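A.B. asks: Sending over a structure as structure tokens; questions will come in a sec.
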Amino acid sequence: MSKHKDKIAKIFEHPISGNIDATRLVRALEHYGAEVDMNKKHRALIHFKDKEYSLALSHRNELSKDAIVGLRHFLEEVGLTPDTL
């Protein structure tokens, strides 16, 4: 499994992983075609297949469990899951 696919797969793990590095996740999303815009309010705007998702980032560069669940739903909606990669 590639390192990018590993990062996407971590979003879908049960129980939810508490140590997903946001920077590496953004690189993985970009690898699979997503456009990611970072703003000054600690958010990443993810654009993929004409859909948009705002991902809250922490100061520690890790994602909260709520952010992971929201991102998981977005990725399922756009068809970017470990099974489809």
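Following the order of the structure tokens, chains are lettered A, B, ..., residues in each are numbered from 1, and ligands are numbered from 1.
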At a cut-off of 8 Å, using only C-alpha atoms, what residues contact Ala34 of chain A? Leave out same-chain residues fewer than 4 positions from it and give the result as number ranges by chain.

C.D. replies: A: 29-30, 46-49

A.B. asks: Residues within 12 Å of Arg27 of chain A, please, as an MDAnalysis selection string. Count only C-alpha atoms; anything in the same chain fewer than 5 positions from it doesn't count.

C.D. replies: chainID A and resid 3:8 21:22 32:37 44 46

A.B. asks: If you run DSSP over the backbone, which residues in chain A end up strand (DSSP E)? Put them as a list of chain:residue names.

C.D. replies: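 Residues meeting the strand (DSSP E) criterion: A:Glu35, A:Val36, A:Asp37, A:Met38, A:Asn39, A:Arg43, A:Ala44, A:Leu45, A:Ile46, A:His47, A:Phe48, A:Lys51, A:Glu52, A:Tyr53, A:Ser54, A:Leu55, A:Ala56.
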
A.B. asks: Those selected residues, please, written with C-alpha atoms and delivered as an mmCIF file, in the first residue's frame.

C.D. replies:
data_model
loop_
_atom_site.group_PDB
_atom_site.id
_atom_site.type_symbol
_atom_site.label_atom_id
_atom_site.label_comp_id
_atom_site.auth_asym_id
_atom_site.auth_seq_id
_atom_site.Cartn_x
_atom_site.Cartn_y
_atom_site.Cartn_z
ATOM 1 C CA GLU A 35 -7.328 20.958 -4.500
ATOM 2 C CA VAL A 36 -6.623 22.186 -0.983
ATOM 3 C CA ASP A 37 -6.595 25.853 0.000
ATOM 4 C CA MET A 38 -5.307 26.770 3.450
ATOM 5 C CA ASN A 39 -6.682 29.891 5.090
ATOM 6 C CA ARG A 43 -9.010 25.648 8.020
ATOM 7 C CA ALA A 44 -8.283 23.709 4.872
ATOM 8 C CA LEU A 45 -10.824 24.067 2.079
ATOM 9 C CA ILE A 46 -10.853 20.822 0.126
ATOM 10 C CA HIS A 47 -12.224 20.896 -3.426
ATOM 11 C CA PHE A 48 -12.873 17.555 -5.106
ATOM 12 C CA LYS A 51 -17.750 19.545 -3.974
ATOM 13 C CA GLU A 52 -16.151 21.473 -1.149
ATOM 14 C CA TYR A 53 -15.393 20.635 2.469
ATOM 15 C CA SER A 54 -13.950 22.867 5.190
ATOM 16 C CA LEU A 55 -11.602 20.934 7.464
ATOM 17 C CA ALA A 56 -10.759 22.438 10.854
#

A.B. asks: Can you tell me which residues surround segment 77-84 of chain A at a distance of at most 6 Å, considering only C-alpha atoms, apart from same-chain residues fewer than 2 positions away, and format the answer as number ranges by chain?

C.D. replies: A: 9, 74-75

A.B. asks: Limited to N, CA and C atoms, could you put the picked residues into a file as an mmCIF file, in the first residue's frame?

C.D. replies:
data_model
loop_
_atom_site.group_PDB
_atom_site.id
_atom_site.type_symbol
_atom_site.label_atom_id
_atom_site.label_comp_id
_atom_site.auth_asym_id
_atom_site.auth_seq_id
_atom_site.Cartn_x
_atom_site.Cartn_y
_atom_site.Cartn_z
ATOM 1 N N ALA A 9 -6.562 5.724 4.166
ATOM 2 C CA ALA A 9 -7.121 4.582 4.903
ATOM 3 C C ALA A 9 -7.229 4.881 6.398
ATOM 4 N N PHE A 74 -17.306 13.190 3.881
ATOM 5 C CA PHE A 74 -17.036 13.897 2.633
ATOM 6 C C PHE A 74 -16.349 12.975 1.623
ATOM 7 N N LEU A 75 -15.338 12.246 2.070
ATOM 8 C CA LEU A 75 -14.610 11.354 1.160
ATOM 9 C C LEU A 75 -15.509 10.240 0.629
#

A.B. asks: Do a neighbour search on Lys65 of chain A at 10 Å with only C-alpha atoms, toss out local chain neighbours closer than 3 positions, and write the hits as a PyMOL selection string.

C.D. replies: chain A and resi 11+15-20+62+68-71

A.B. asks: Would you mind exporting the chosen residues as a CSV table (one decimal), in the first residue's frame, restricted to N, CA and C atoms?

C.D. replies:
chain,number,residue,atom,x,y,z
A,11,ILE,N,-8.2,7.5,7.8
A,11,ILE,CA,-9.4,8.2,8.0
A,11,ILE,C,-10.6,7.2,8.3
A,15,PRO,N,-11.2,1.7,15.8
A,15,PRO,CA,-11.6,3.0,16.2
A,15,PRO,C,-10.9,4.2,15.5
A,16,ILE,N,-11.4,5.4,15.6
A,16,ILE,CA,-10.8,6.5,15.0
A,16,ILE,C,-9.4,6.8,15.5
A,17,SER,N,-8.5,7.0,14.6
A,17,SER,CA,-7.1,7.3,15.0
A,17,SER,C,-7.0,8.7,15.5
A,18,GLY,N,-6.3,8.9,16.6
A,18,GLY,CA,-6.2,10.2,17.2
A,18,GLY,C,-4.9,10.9,16.8
A,19,ASN,N,-4.1,10.4,15.9
A,19,ASN,CA,-2.8,11.0,15.5
A,19,ASN,C,-2.6,11.1,14.0
A,20,ILE,N,-3.6,11.7,13.3
A,20,ILE,CA,-3.4,11.8,11.9
A,20,ILE,C,-2.8,13.2,11.6
A,62,GLU,N,-2.6,18.1,14.2
A,62,GLU,CA,-3.4,16.8,14.2
A,62,GLU,C,-4.8,17.1,14.1
A,68,ILE,N,-12.2,14.2,11.7
A,68,ILE,CA,-12.0,13.0,11.0
A,68,ILE,C,-13.3,12.4,10.5
A,69,VAL,N,-14.3,12.4,11.4
A,69,VAL,CA,-15.6,11.8,11.0
A,69,VAL,C,-16.2,12.7,9.9
A,70,GLY,N,-16.1,14.0,10.0
A,70,GLY,CA,-16.7,14.8,8.9
A,70,GLY,C,-15.9,14.6,7.6
A,71,LEU,N,-14.6,14.5,7.7
A,71,LEU,CA,-13.8,14.2,6.5
A,71,LEU,C,-14.2,12.9,5.9

A.B. asks: So, with only C-alpha atoms as the atoms that count, which of A:Leu57, A:Glu76, A:Lys40, A:Leu85 lies closest to Leu25 of chain A?

C.D. replies: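 Residue with the minimum atom-to-atom distance to Leu25 of chain A: A:Leu57.
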
A.B. asks: So that I can check the secondary structure, give me every residue of chain A assigned helix (DSSP H, G or I) by backbone DSSP, as a VMD selection string.

C.D. replies: chain A and resid 3 to 11 22 to 31 65 to 78

A.B. asks: Could you please take those selected residues and save C-alpha atoms as a PDB file, in the first residue's frame?

C.D. replies:
ATOM      1  CA  LYS A   3       1.992   6.053   1.734  1.00  0.00           C
ATOM      2  CA  HIS A   4      -0.774   8.222   0.248  1.00  0.00           C
ATOM      3  CA  LYS A   5      -3.285   5.383   0.321  1.00  0.00           C
ATOM      4  CA  ASP A   6      -2.227   4.652   3.927  1.00  0.00           C
ATOM      5  CA  LYS A   7      -3.103   8.224   4.936  1.00  0.00           C
ATOM      6  CA  ILE A   8      -6.543   8.007   3.320  1.00  0.00           C
ATOM      7  CA  ALA A   9      -7.121   4.582   4.903  1.00  0.00           C
ATOM      8  CA  LYS A  10      -6.365   6.027   8.370  1.00  0.00           C
ATOM      9  CA  ILE A  11      -9.444   8.238   8.016  1.00  0.00           C
ATOM     10  CA  ALA A  22      -2.867  17.091   8.783  1.00  0.00           C
ATOM     11  CA  THR A  23       0.027  18.105   6.519  1.00  0.00           C
ATOM     12  CA  ARG A  24       0.616  14.560   5.293  1.00  0.00           C
ATOM     13  CA  LEU A  25      -3.114  14.029   4.831  1.00  0.00           C
ATOM     14  CA  VAL A  26      -3.344  17.184   2.693  1.00  0.00           C
ATOM     15  CA  ARG A  27      -0.490  15.901   0.509  1.00  0.00           C
ATOM     16  CA  ALA A  28      -2.296  12.574   0.078  1.00  0.00           C
ATOM     17  CA  LEU A  29      -5.540  14.313  -0.894  1.00  0.00           C
ATOM     18  CA  GLU A  30      -3.666  16.439  -3.443  1.00  0.00           C
ATOM     19  CA  HIS A  31      -2.012  13.289  -4.809  1.00  0.00           C
ATOM     20  CA  LYS A  65     -11.969  12.996  15.985  1.00  0.00           C
ATOM     21  CA  ASP A  66     -14.921  15.173  14.935  1.00  0.00           C
ATOM     22  CA  ALA A  67     -12.896  16.538  12.013  1.00  0.00           C
ATOM     23  CA  ILE A  68     -11.968  12.987  10.991  1.00  0.00           C
ATOM     24  CA  VAL A  69     -15.602  11.847  11.027  1.00  0.00           C
ATOM     25  CA  GLY A  70     -16.667  14.839   8.912  1.00  0.00           C
ATOM     26  CA  LEU A  71     -13.837  14.249   6.460  1.00  0.00           C
ATOM     27  CA  ARG A  72     -14.716  10.553   6.259  1.00  0.00           C
ATOM     28  CA  HIS A  73     -18.301  11.431   5.245  1.00  0.00           C
ATOM     29  CA  PHE A  74     -17.036  13.897   2.633  1.00  0.00           C
ATOM     30  CA  LEU A  75     -14.610  11.354   1.160  1.00  0.00           C
ATOM     31  CA  GLU A  76     -17.364   8.723   0.993  1.00  0.00           C
ATOM     32  CA  GLU A  77     -19.606  11.233  -0.774  1.00  0.00           C
ATOM     33  CA  VAL A  78     -17.006  11.963  -3.462  1.00  0.00           C
TER      34      VAL A  78
END
